[in-house]
file model29.cif (mmCIF, C-alpha atoms and all ligand atoms)
data_model
loop_
_atom_site.label_atom_id
_atom_site.label_comp_id
_atom_site.auth_asym_id
_atom_site.auth_seq_id
_atom_site.Cartn_x
_atom_site.Cartn_y
_atom_site.Cartn_z
CA MET A 1 40.40 -171.97 51.20
CA ALA A 2 43.22 -169.46 50.72
CA TYR A 3 43.17 -166.47 53.05
CA LYS A 4 41.71 -163.59 51.05
CA LYS A 5 42.41 -159.90 51.47
CA ILE A 6 39.61 -157.76 50.13
CA LEU A 7 38.90 -154.03 50.07
CA THR A 8 35.60 -152.31 50.58
CA ILE A 9 35.11 -148.60 49.87
CA GLN A 10 32.07 -146.90 51.38
CA ASP A 11 31.16 -144.42 54.10
CA ILE A 12 31.24 -144.72 57.85
CA SER A 13 27.81 -143.76 59.11
CA CYS A 14 28.64 -143.74 62.82
CA VAL A 15 25.04 -144.63 63.73
CA GLY A 16 22.51 -146.34 61.48
CA GLN A 17 23.65 -149.89 60.59
CA CYS A 18 24.73 -149.33 57.01
CA SER A 19 27.84 -149.11 54.86
CA LEU A 20 31.11 -149.97 56.64
CA THR A 21 29.53 -150.72 60.02
CA VAL A 22 27.65 -153.49 58.19
CA ALA A 23 30.20 -154.55 55.57
CA LEU A 24 33.12 -155.00 57.94
CA PRO A 25 31.45 -157.40 60.40
CA ILE A 26 29.67 -159.35 57.65
CA LEU A 27 32.80 -159.80 55.55
CA SER A 28 34.82 -160.71 58.65
CA ALA A 29 32.21 -163.32 59.58
CA CYS A 30 32.60 -164.71 56.05
CA GLY A 31 36.29 -165.23 56.80
CA MET A 32 37.68 -162.36 54.76
CA GLU A 33 40.57 -160.14 55.77
CA THR A 34 38.66 -156.93 55.18
CA CYS A 35 40.52 -153.73 54.42
CA ILE A 36 38.54 -150.51 54.30
CA LEU A 37 38.72 -147.17 52.58
CA PRO A 38 36.14 -144.81 54.12
CA SER A 39 34.59 -142.51 51.55
CA ALA A 40 33.14 -140.12 54.13
CA VAL A 41 32.30 -140.01 57.82
CA LEU A 42 28.73 -139.12 58.79
CA SER A 43 27.18 -138.90 62.23
CA THR A 44 24.27 -141.02 60.92
CA HIS A 45 23.09 -142.18 57.51
CA THR A 46 20.99 -139.75 55.48
CA GLY A 47 17.81 -141.81 55.29
CA GLY A 48 15.49 -140.33 57.88
CA PHE A 49 17.81 -138.53 60.33
CA SER A 50 18.08 -134.76 59.98
CA GLY A 51 21.07 -132.55 60.76
CA PHE A 52 23.67 -135.26 60.12
CA THR A 53 27.35 -134.27 59.83
CA PHE A 54 29.25 -135.18 56.65
CA ARG A 55 33.04 -135.20 56.29
CA ASP A 56 34.06 -136.00 52.76
CA LEU A 57 37.34 -137.99 52.59
CA THR A 58 37.89 -137.58 48.83
CA ASP A 59 41.15 -135.69 49.25
CA ASP A 60 42.66 -138.40 51.47
CA MET A 61 42.24 -141.10 48.85
CA PRO A 62 45.21 -140.49 46.51
CA ALA A 63 47.76 -140.57 49.36
CA ILE A 64 46.21 -143.73 50.84
CA GLN A 65 46.34 -145.44 47.44
CA ALA A 66 49.93 -144.25 46.85
CA HIS A 67 50.99 -145.73 50.19
CA TRP A 68 49.36 -149.08 49.38
CA GLN A 69 51.11 -149.08 46.01
CA LYS A 70 54.46 -148.45 47.72
CA GLU A 71 53.74 -151.40 50.02
CA ASN A 72 52.71 -153.61 47.07
CA ILE A 73 49.29 -154.22 48.57
CA LYS A 74 46.74 -155.83 46.22
CA PHE A 75 43.23 -157.12 46.84
CA LYS A 76 41.42 -160.33 45.75
CA ALA A 77 38.16 -158.41 45.58
CA ILE A 78 37.23 -154.76 45.65
CA TYR A 79 33.66 -153.93 46.64
CA THR A 80 32.41 -150.35 46.49
CA GLY A 81 29.27 -148.82 48.01
CA TYR A 82 28.12 -145.33 49.01
CA LEU A 83 30.66 -142.73 47.85
CA GLY A 84 31.21 -139.15 48.95
CA SER A 85 31.61 -136.97 45.83
CA ILE A 86 31.77 -136.96 42.06
CA LYS A 87 35.54 -136.35 42.16
CA GLN A 88 35.87 -139.36 44.46
CA ILE A 89 34.10 -141.63 41.97
CA GLY A 90 37.04 -141.03 39.59
CA TYR A 91 39.57 -142.00 42.27
CA VAL A 92 37.57 -145.12 43.12
CA LYS A 93 37.45 -146.13 39.45
CA ASN A 94 41.23 -145.93 39.34
CA ILE A 95 41.49 -148.04 42.51
CA LEU A 96 39.21 -150.68 40.95
CA GLU A 97 41.36 -150.71 37.81
CA THR A 98 44.77 -150.85 39.47
CA MET A 99 44.64 -152.26 43.02
CA GLY A 100 43.32 -155.77 42.36
CA THR A 101 45.30 -158.99 41.96
CA GLU A 102 45.33 -160.55 38.44
CA ASP A 103 42.17 -162.54 39.23
CA ALA A 104 40.46 -159.87 41.37
CA VAL A 105 36.69 -159.52 41.35
CA ARG A 106 35.28 -155.98 41.17
CA ILE A 107 31.86 -155.58 42.76
CA VAL A 108 30.08 -152.24 42.49
CA ASP A 109 26.96 -151.39 44.47
CA PRO A 110 25.89 -148.03 43.01
CA ALA A 111 24.38 -147.11 46.38
CA MET A 112 22.57 -143.87 45.58
CA ALA A 113 18.81 -144.45 45.41
CA ASP A 114 15.85 -146.54 46.54
CA ASN A 115 12.06 -146.60 46.21
CA GLY A 116 12.15 -144.48 43.04
CA LYS A 117 14.22 -141.64 44.60
CA LEU A 118 17.86 -140.58 44.85
CA TYR A 119 19.31 -140.39 48.39
CA SER A 120 19.13 -136.84 49.70
CA ILE A 121 22.64 -135.60 48.86
CA PHE A 122 22.77 -136.92 45.26
CA ASP A 123 21.64 -135.41 41.93
CA MET A 124 21.66 -136.34 38.24
CA ASP A 125 25.30 -135.22 37.85
CA TYR A 126 26.19 -137.85 40.43
CA VAL A 127 24.20 -140.47 38.50
CA GLU A 128 26.08 -139.52 35.32
CA ALA A 129 29.43 -139.83 37.13
CA MET A 130 28.49 -143.30 38.46
CA LYS A 131 28.03 -144.74 34.97
CA PRO A 132 31.76 -145.24 34.13
CA LEU A 133 32.34 -146.73 37.59
CA CYS A 134 29.51 -149.21 36.97
CA GLY A 135 31.15 -149.99 33.63
CA THR A 136 34.29 -151.28 35.39
CA ALA A 137 32.28 -153.78 37.47
CA ASP A 138 32.61 -157.51 37.06
CA ILE A 139 29.44 -157.67 39.10
CA LEU A 140 27.07 -154.74 39.50
CA VAL A 141 24.63 -154.96 42.43
CA PRO A 142 21.93 -152.29 41.96
CA ASN A 143 18.36 -152.20 43.14
CA ILE A 144 15.65 -151.46 40.56
CA THR A 145 15.65 -147.72 41.32
CA GLU A 146 19.41 -147.45 40.76
CA ALA A 147 19.14 -149.52 37.60
CA ALA A 148 16.44 -147.18 36.27
CA PHE A 149 18.51 -144.05 37.03
CA LEU A 150 21.66 -145.53 35.46
CA THR A 151 19.91 -146.63 32.28
CA GLY A 152 17.50 -143.70 31.83
CA CYS A 153 14.56 -146.14 31.90
CA GLU A 154 11.35 -145.18 33.64
CA TYR A 155 11.15 -146.44 37.27
CA ARG A 156 8.25 -148.85 37.64
CA GLU A 157 6.71 -150.45 40.69
CA SER A 158 5.06 -153.20 38.69
CA TYR A 159 6.82 -154.72 35.75
CA ASP A 160 7.56 -157.98 33.99
CA GLU A 161 10.71 -159.90 33.11
CA ALA A 162 11.06 -157.98 29.83
CA TYR A 163 11.50 -154.72 31.79
CA VAL A 164 14.12 -156.25 34.10
CA THR A 165 15.93 -157.75 31.10
CA GLU A 166 15.99 -154.35 29.40
CA LEU A 167 17.50 -152.77 32.53
CA CYS A 168 20.15 -155.50 32.72
CA GLU A 169 21.03 -155.26 29.03
CA LYS A 170 21.47 -151.52 29.33
CA LEU A 171 23.61 -151.90 32.46
CA CYS A 172 25.81 -154.39 30.61
CA ALA A 173 26.04 -151.90 27.74
CA LEU A 174 27.74 -149.55 30.24
CA GLY A 175 30.43 -152.25 30.59
CA ALA A 176 29.32 -154.32 33.60
CA LYS A 177 29.81 -158.06 33.03
CA THR A 178 27.14 -159.42 35.36
CA VAL A 179 24.17 -157.76 37.04
CA VAL A 180 22.75 -158.97 40.36
CA MET A 181 19.62 -156.85 40.77
CA THR A 182 17.85 -156.79 44.14
CA GLY A 183 14.19 -156.23 44.90
CA VAL A 184 12.92 -157.96 41.77
CA GLY A 185 9.55 -159.65 42.27
CA TYR A 186 6.89 -160.58 39.75
CA ARG A 187 4.12 -161.75 42.07
CA GLU A 188 2.13 -160.32 44.98
CA GLY A 189 3.93 -160.99 48.30
CA LYS A 190 7.16 -162.07 46.61
CA THR A 191 10.43 -160.38 45.80
CA GLY A 192 13.84 -161.66 44.82
CA VAL A 193 17.06 -161.23 42.92
CA ALA A 194 17.63 -161.22 39.16
CA VAL A 195 21.02 -162.46 37.96
CA TYR A 196 21.96 -161.53 34.39
CA SER A 197 25.12 -162.72 32.74
CA ASP A 198 26.09 -163.43 29.10
CA GLY A 199 22.58 -162.65 27.93
CA LYS A 200 21.09 -165.22 30.33
CA MET A 201 18.59 -164.29 33.05
CA SER A 202 17.97 -166.25 36.26
CA HIS A 203 15.74 -165.28 39.15
CA TYR A 204 15.68 -166.29 42.82
CA GLU A 205 12.30 -165.62 44.39
CA HIS A 206 11.56 -165.34 48.09
CA ASP A 207 8.86 -163.91 50.36
CA LYS A 208 8.59 -160.15 50.63
CA ILE A 209 8.70 -159.23 54.32
CA GLY A 210 7.00 -155.93 55.17
CA LYS A 211 8.46 -152.81 53.57
CA GLY A 212 12.09 -153.88 54.03
CA ALA A 213 14.47 -151.77 56.09
CA HIS A 214 17.22 -149.18 55.71
CA GLY A 215 20.67 -150.58 55.04
CA THR A 216 19.45 -153.89 53.63
CA GLY A 217 21.13 -153.12 50.29
CA ASP A 218 24.45 -152.93 52.13
CA ILE A 219 23.70 -156.11 54.08
CA TYR A 220 22.86 -157.83 50.80
CA ALA A 221 25.94 -156.66 48.86
CA SER A 222 28.26 -157.49 51.77
CA ALA A 223 26.85 -161.00 52.23
CA PHE A 224 26.93 -161.53 48.46
CA THR A 225 30.60 -160.52 48.32
CA GLY A 226 31.43 -162.73 51.31
CA ALA A 227 29.64 -165.74 49.83
CA LEU A 228 31.24 -165.24 46.41
CA MET A 229 34.66 -165.07 48.00
CA ASN A 230 33.83 -168.37 49.72
CA ASP A 231 33.86 -169.86 46.22
CA LYS A 232 30.09 -169.96 45.79
CA SER A 233 28.79 -169.41 42.26
CA ILE A 234 27.28 -166.01 41.50
CA PHE A 235 23.74 -167.44 41.64
CA GLU A 236 24.42 -169.35 44.87
CA ALA A 237 25.99 -166.23 46.46
CA ALA A 238 22.96 -164.20 45.31
CA ARG A 239 20.64 -166.75 46.94
CA ILE A 240 22.58 -166.94 50.23
CA ALA A 241 22.72 -163.13 50.48
CA ALA A 242 18.95 -162.95 49.87
CA ASP A 243 18.17 -165.58 52.53
CA TYR A 244 20.45 -163.83 55.03
CA THR A 245 18.92 -160.40 54.32
CA VAL A 246 15.42 -161.83 54.85
CA LYS A 247 16.53 -163.19 58.25
CA CYS A 248 17.86 -159.74 59.19
CA ILE A 249 14.55 -158.11 58.22
CA ILE A 250 12.55 -160.70 60.18
CA ASN A 251 14.85 -160.04 63.19
CA THR A 252 13.90 -156.37 63.07
CA GLN A 253 10.14 -156.68 62.63
CA GLY A 254 7.90 -155.41 65.39
CA ASP A 255 10.49 -153.01 66.85
CA ALA A 256 9.30 -149.53 65.80
CA ASP A 257 12.26 -147.88 67.57
CA HIS A 258 14.58 -149.68 65.18
CA TRP A 259 13.34 -147.89 62.02
CA TYR A 260 16.85 -146.85 60.90
CA GLY A 261 18.44 -150.23 60.14
CA ALA A 262 18.18 -154.00 60.26
CA LYS A 263 19.39 -156.20 63.11
CA PHE A 264 21.95 -158.15 61.11
CA GLU A 265 24.28 -159.05 63.97
CA THR A 266 22.25 -161.83 65.57
CA ALA A 267 21.79 -163.52 62.16
CA LEU A 268 25.53 -163.67 61.40
CA ARG A 269 25.65 -167.23 62.72
CA ASP A 270 22.98 -168.21 60.14
CA LEU A 271 25.08 -166.66 57.38
CA MET A 272 28.13 -168.60 58.52
CA ASP A 273 26.06 -171.81 58.58
CA MET A 274 24.88 -171.11 55.03
CA LEU A 275 28.49 -170.84 53.88
CA ALA A 276 29.60 -174.03 55.66
O1 LIG B 301 22.49 -147.84 52.96
C1 LIG B 301 22.81 -146.93 52.04
C2 LIG B 301 23.41 -145.71 52.63
C3 LIG B 301 24.76 -145.69 52.92
N1 LIG B 301 25.36 -144.62 53.44
C4 LIG B 301 24.65 -143.50 53.71
C5 LIG B 301 23.28 -143.46 53.46
C6 LIG B 301 22.65 -144.59 52.91
C7 LIG B 301 21.21 -144.57 52.64
O2 LIG B 301 20.50 -143.66 52.94
O3 LIG B 301 22.61 -142.35 53.74
C8 LIG B 301 25.36 -142.31 54.29
#
call {"tool": "encode", "arguments": {"input": "model29.cif", "output": "structure tokens", "more": "lines below"}}
Ligand code: PXL
result
Amino acid sequence: MAYKKILTIQDISCVGQCSLTVALPILSACGMETCILPSAVLSTHTGGFSGFTFRDLTDDMPAIQAHWQKENIKFKAIYTGYLGSIKQIGYVKNILETMGTEDAVRIVDPAMADNGKLYSIFDMDYVEAMKPLCGTADILVPNITEAAFLTGCEYRESYDEAYVTELCEKLCALGAKTVVMTGVGYREGKTGVAVYSDGKMSHYEHDKIGKGAHGTGDIYASAFTGALMNDKSIFEAARIAADYTVKCIINTQGDADHWYGAKFETALRDLMDMLA
């Protein structure tokens, strides 16, 4: 396999096992040369800690991009996650449109909400600003909450395939080519991933383990990107990322002190085995 240089754009939460502290090791384990563009630096993530610091790096982005352009640096994949400001979303859209190789894959995780609610620092203006970014995605990786916010559909905890199909159709109407939607389960005790492309829906179902954990969306999107860049099909990458994320959640069960994230590190070997 050719050596692949990819870019991921998301925050550094110094403590909390999410965003870049998850994406970088996972993508490295998948054999990717992983370049980063931090969107913000926080002392911790915002999901349960109080008093966190937040340094927005929006104003650093144009000069970083200009330098890369001068050096003729291009990326085989660009994967975006949690972003720092509405203005930044515009810069990131431009990076997605201009900094990829001819055959680059653009993966957007609209990391902004979960369990029916927006993350604490975001509002509906932010949701509105995310829509054009999602429209540039070759592959959009939302959870159901994010999909509901982006499409204006009601958020539901129980639903059927028609609801998920409607969400996916509306996300594709924004411009996304393929949707890989996480947390989609139709039966008690089960969850899974819906993959929607060219009007065709597939679903990978697996056991639902407890309530899940913080940061698992980032673990999922990172493993998905890594598997896809290992030449797996979209469905196969979606399945591998789901199996890996389940292992990380199982690793973390029974440790109440570890409420803030999932222990993904000790399952990296399993991910590498799944890619072999
Ligand atoms: O895992 C998503 C995420 C990423 N980055 C920050 C967050 C969260 C979720 O709360 O707060 C800063």
call {"tool": "closest_residue", "arguments": {"input": "model29.cif", "among": "A:Ala66, A:Cys30, A:Ile144, A:Ala221", "to": "Ala276 (chain A)", "atoms": "all atoms listed in the file"}}
result
A:Cys30
call {"tool": "closest_atom_pairs", "arguments": {"input": "model29.cif", "of": "chain A", "to": "ligand LIG 301 (chain B)", "cutoff": "6 Å", "atoms": "all atoms listed in the file", "output": "tab-separated table"}}
result
residue	atom	partner	partner_atom	distance
A:Asp11	CA	B:LIG301	N1	5.8
A:Ser13	CA	B:LIG301	C8	5.6
A:Cys18	CA	B:LIG301	O1	4.9
A:Ser19	CA	B:LIG301	C3	5.0
A:His45	CA	B:LIG301	O3	3.8
A:Thr46	CA	B:LIG301	O3	3.5
A:Gly47	CA	B:LIG301	O2	4.0
A:Tyr82	CA	B:LIG301	C3	5.2
A:Ala111	CA	B:LIG301	C1	5.9
A:Tyr119	CA	B:LIG301	O2	5.7
A:Gly215	CA	B:LIG301	O1	3.9
A:Asp218	CA	B:LIG301	O1	5.5
call {"tool": "closest_residue", "arguments": {"input": "model29.cif", "among": "A:Glu169, A:Ile250, A:Met99, A:Gly212", "to": "His67 (chain A)", "atoms": "all atoms listed in the file"}}
result
A:Met99
call {"tool": "closest_atom_pairs", "arguments": {"input": "model29.cif", "of": "region 138-255 of chain A", "to": "region 267-272 of chain A", "cutoff": "12 Å", "atoms": "only C-alpha atoms", "output": "CSV"}}
result
residue,atom,partner,partner_atom,distance
A:Ile219,CA,A:Leu268,CA,10.7
A:Tyr220,CA,A:Leu271,CA,11.2
A:Ser222,CA,A:Leu271,CA,11.2
A:Ala223,CA,A:Leu271,CA,7.9
A:Phe224,CA,A:Leu271,CA,10.5
A:Gly226,CA,A:Leu271,CA,9.6
A:Ala227,CA,A:Leu271,CA,8.9
A:Asn230,CA,A:Met272,CA,10.5
A:Ala237,CA,A:Leu271,CA,11.0
A:Arg239,CA,A:Leu271,CA,11.3
A:Ile240,CA,A:Leu271,CA,7.6
A:Ala241,CA,A:Leu271,CA,8.1
A:Ala242,CA,A:Leu271,CA,10.4
A:Asp243,CA,A:Leu271,CA,8.5
A:Tyr244,CA,A:Leu271,CA,5.9
A:Thr245,CA,A:Ala267,CA,8.9
A:Val246,CA,A:Ala267,CA,9.8
A:Lys247,CA,A:Ala267,CA,6.6
A:Cys248,CA,A:Ala267,CA,6.2
A:Ile249,CA,A:Ala267,CA,9.9
A:Ile250,CA,A:Ala267,CA,9.9
A:Asn251,CA,A:Ala267,CA,7.8
A:Thr252,CA,A:Ala267,CA,10.7
call {"tool": "write_last_selection", "arguments": {"input": "model29.cif", "atoms": "C-alpha atoms", "output": "mmCIF file, in the frame of the given file"}}
result
data_model
loop_
_atom_site.group_PDB
_atom_site.id
_atom_site.type_symbol
_atom_site.label_atom_id
_atom_site.label_comp_id
_atom_site.auth_asym_id
_atom_site.auth_seq_id
_atom_site.Cartn_x
_atom_site.Cartn_y
_atom_site.Cartn_z
ATOM 1 C CA ILE A 219 23.700 -156.110 54.080
ATOM 2 C CA TYR A 220 22.860 -157.830 50.800
ATOM 3 C CA SER A 222 28.260 -157.490 51.770
ATOM 4 C CA ALA A 223 26.850 -161.000 52.230
ATOM 5 C CA PHE A 224 26.930 -161.530 48.460
ATOM 6 C CA GLY A 226 31.430 -162.730 51.310
ATOM 7 C CA ALA A 227 29.640 -165.740 49.830
ATOM 8 C CA ASN A 230 33.830 -168.370 49.720
ATOM 9 C CA ALA A 237 25.990 -166.230 46.460
ATOM 10 C CA ARG A 239 20.640 -166.750 46.940
ATOM 11 C CA ILE A 240 22.580 -166.940 50.230
ATOM 12 C CA ALA A 241 22.720 -163.130 50.480
ATOM 13 C CA ALA A 242 18.950 -162.950 49.870
ATOM 14 C CA ASP A 243 18.170 -165.580 52.530
ATOM 15 C CA TYR A 244 20.450 -163.830 55.030
ATOM 16 C CA THR A 245 18.920 -160.400 54.320
ATOM 17 C CA VAL A 246 15.420 -161.830 54.850
ATOM 18 C CA LYS A 247 16.530 -163.190 58.250
ATOM 19 C CA CYS A 248 17.860 -159.740 59.190
ATOM 20 C CA ILE A 249 14.550 -158.110 58.220
ATOM 21 C CA ILE A 250 12.550 -160.700 60.180
ATOM 22 C CA ASN A 251 14.850 -160.040 63.190
ATOM 23 C CA THR A 252 13.900 -156.370 63.070
#
call {"tool": "residues_around", "arguments": {"input": "model29.cif", "residues": "Tyr163 (chain A)", "least_positions_apart": "2", "cutoff": "12 Å", "atoms": "all atoms listed in the file", "output": "list in words"}}
result
Ile144, Ala147, Ala148, Thr151, Cys153, Glu154, Tyr155, Arg156, Glu157, Ser158, Tyr159, Asp160, Glu161, Thr165, Glu166, Leu167, Cys168, Glu169, Lys170, Val184, Gly185, Tyr186, Ala194 and Met201 of chain A
call {"tool": "residues_around", "arguments": {"input": "model29.cif", "residues": "region 52-56 of chain A", "least_positions_apart": "5", "cutoff": "6 Å", "atoms": "all atoms listed in the file", "output": "list in words"}}
result
Ala40, Val41, Leu42, Ser43, Thr44 and Gly84 of chain A
call {"tool": "closest_residue", "arguments": {"input": "model29.cif", "among": "A:Val179, A:Val193, A:Thr8, A:Glu188", "to": "Pro25 (chain A)", "atoms": "only C-alpha atoms"}}
result
A:Thr8
call {"tool": "residues_around", "arguments": {"input": "model29.cif", "residues": "Gly254 (chain A)", "least_positions_apart": "3", "cutoff": "12 Å", "atoms": "all atoms listed in the file", "output": "list in words"}}
result
Ile209, Gly210, Ala213, Ile249, Ile250, Asn251, Asp257, His258, Trp259, Ala262 and Lys263 of chain A
call {"tool": "atom_distance", "arguments": {"input": "model29.cif", "atom1": "CA of Gly135 (chain A)", "atom2": "CA of Ala29 (chain A)"}}
result
29.2 Å
call {"tool": "atom_distance", "arguments": {"input": "model29.cif", "atom1": "CA of Thr225 (chain A)", "atom2": "CA of Asp255 (chain A)"}}
result
28.4 Å
call {"tool": "residues_around", "arguments": {"input": "model29.cif", "residues": "Leu133 (chain A)", "least_positions_apart": "2", "cutoff": "9 Å", "atoms": "all atoms listed in the file", "output": "VMD selection string"}}
result
chain A and resid 89 to 90 92 to 93 96 108 110 129 to 131 135 to 137
call {"tool": "axis_aligned_box", "arguments": {"input": "model29.cif", "around": "region 175-194 of chain A", "padding_each_side": "6 Å", "output": "AutoDock Vina command-line options"}}
result
--center_x 16.3 --center_y -157.2 --center_z 39.4 --size_x 40.3 --size_y 21.8 --size_z 29.7
call {"tool": "build_atoms", "arguments": {"input": "model29.cif", "residues": "region 239-247 of chain A", "atoms": "all heavy atoms", "output": "mmCIF file, keeping the file's coordinate frame"}}
result
data_model
loop_
_atom_site.group_PDB
_atom_site.id
_atom_site.type_symbol
_atom_site.label_atom_id
_atom_site.label_comp_id
_atom_site.auth_asym_id
_atom_site.auth_seq_id
_atom_site.Cartn_x
_atom_site.Cartn_y
_atom_site.Cartn_z
ATOM 1 N N ARG A 239 21.688 -166.085 46.156
ATOM 2 C CA ARG A 239 20.640 -166.750 46.940
ATOM 3 C C ARG A 239 20.943 -166.674 48.447
ATOM 4 O O ARG A 239 20.077 -166.330 49.257
ATOM 5 C CB ARG A 239 20.523 -168.224 46.511
ATOM 6 C CG ARG A 239 19.368 -168.962 47.154
ATOM 7 C CD ARG A 239 19.374 -170.447 46.845
ATOM 8 N NE ARG A 239 20.542 -171.141 47.393
ATOM 9 C CZ ARG A 239 20.739 -171.386 48.684
ATOM 10 N NH1 ARG A 239 19.856 -170.999 49.598
ATOM 11 N NH2 ARG A 239 21.835 -172.017 49.086
ATOM 12 N N ILE A 240 22.193 -166.973 48.804
ATOM 13 C CA ILE A 240 22.580 -166.940 50.230
ATOM 14 C C ILE A 240 22.394 -165.524 50.791
ATOM 15 O O ILE A 240 21.852 -165.332 51.878
ATOM 16 C CB ILE A 240 24.059 -167.410 50.389
ATOM 17 C CG1 ILE A 240 24.151 -168.924 50.129
ATOM 18 C CG2 ILE A 240 24.623 -167.047 51.762
ATOM 19 C CD1 ILE A 240 25.565 -169.477 50.040
ATOM 20 N N ALA A 241 22.828 -164.524 50.011
ATOM 21 C CA ALA A 241 22.720 -163.130 50.480
ATOM 22 C C ALA A 241 21.242 -162.766 50.660
ATOM 23 O O ALA A 241 20.876 -162.064 51.614
ATOM 24 C CB ALA A 241 23.403 -162.189 49.509
ATOM 25 N N ALA A 242 20.382 -163.244 49.759
ATOM 26 C CA ALA A 242 18.950 -162.950 49.870
ATOM 27 C C ALA A 242 18.379 -163.611 51.127
ATOM 28 O O ALA A 242 17.643 -162.966 51.899
ATOM 29 C CB ALA A 242 18.215 -163.432 48.624
ATOM 30 N N ASP A 243 18.712 -164.876 51.353
ATOM 31 C CA ASP A 243 18.170 -165.580 52.530
ATOM 32 C C ASP A 243 18.646 -164.914 53.819
ATOM 33 O O ASP A 243 17.886 -164.784 54.786
ATOM 34 C CB ASP A 243 18.597 -167.061 52.502
ATOM 35 C CG ASP A 243 17.903 -167.833 51.381
ATOM 36 O OD1 ASP A 243 16.931 -167.302 50.789
ATOM 37 O OD2 ASP A 243 18.341 -168.966 51.079
ATOM 38 N N TYR A 244 19.910 -164.498 53.839
ATOM 39 C CA TYR A 244 20.450 -163.830 55.030
ATOM 40 C C TYR A 244 19.738 -162.480 55.257
ATOM 41 O O TYR A 244 19.335 -162.144 56.375
ATOM 42 C CB TYR A 244 21.963 -163.631 54.874
ATOM 43 C CG TYR A 244 22.570 -162.793 55.969
ATOM 44 C CD1 TYR A 244 22.503 -163.189 57.307
ATOM 45 C CD2 TYR A 244 23.210 -161.587 55.683
ATOM 46 C CE1 TYR A 244 23.045 -162.413 58.322
ATOM 47 C CE2 TYR A 244 23.754 -160.806 56.680
ATOM 48 C CZ TYR A 244 23.673 -161.225 57.996
ATOM 49 O OH TYR A 244 24.205 -160.449 58.993
ATOM 50 N N THR A 245 19.549 -161.719 54.184
ATOM 51 C CA THR A 245 18.920 -160.400 54.320
ATOM 52 C C THR A 245 17.486 -160.559 54.839
ATOM 53 O O THR A 245 17.033 -159.783 55.690
ATOM 54 C CB THR A 245 18.941 -159.660 52.961
ATOM 55 O OG1 THR A 245 20.288 -159.616 52.494
ATOM 56 C CG2 THR A 245 18.427 -158.234 53.088
ATOM 57 N N VAL A 246 16.782 -161.577 54.347
ATOM 58 C CA VAL A 246 15.420 -161.830 54.850
ATOM 59 C C VAL A 246 15.456 -162.108 56.352
ATOM 60 O O VAL A 246 14.646 -161.565 57.116
ATOM 61 C CB VAL A 246 14.768 -163.013 54.084
ATOM 62 C CG1 VAL A 246 13.499 -163.492 54.782
ATOM 63 C CG2 VAL A 246 14.462 -162.606 52.652
ATOM 64 N N LYS A 247 16.432 -162.912 56.809
ATOM 65 C CA LYS A 247 16.530 -163.190 58.250
ATOM 66 C C LYS A 247 16.753 -161.904 59.036
ATOM 67 O O LYS A 247 16.184 -161.707 60.114
ATOM 68 C CB LYS A 247 17.697 -164.162 58.515
ATOM 69 C CG LYS A 247 17.340 -165.599 58.224
ATOM 70 C CD LYS A 247 18.404 -166.566 58.698
ATOM 71 C CE LYS A 247 18.136 -167.974 58.195
ATOM 72 N NZ LYS A 247 16.974 -168.611 58.808
#
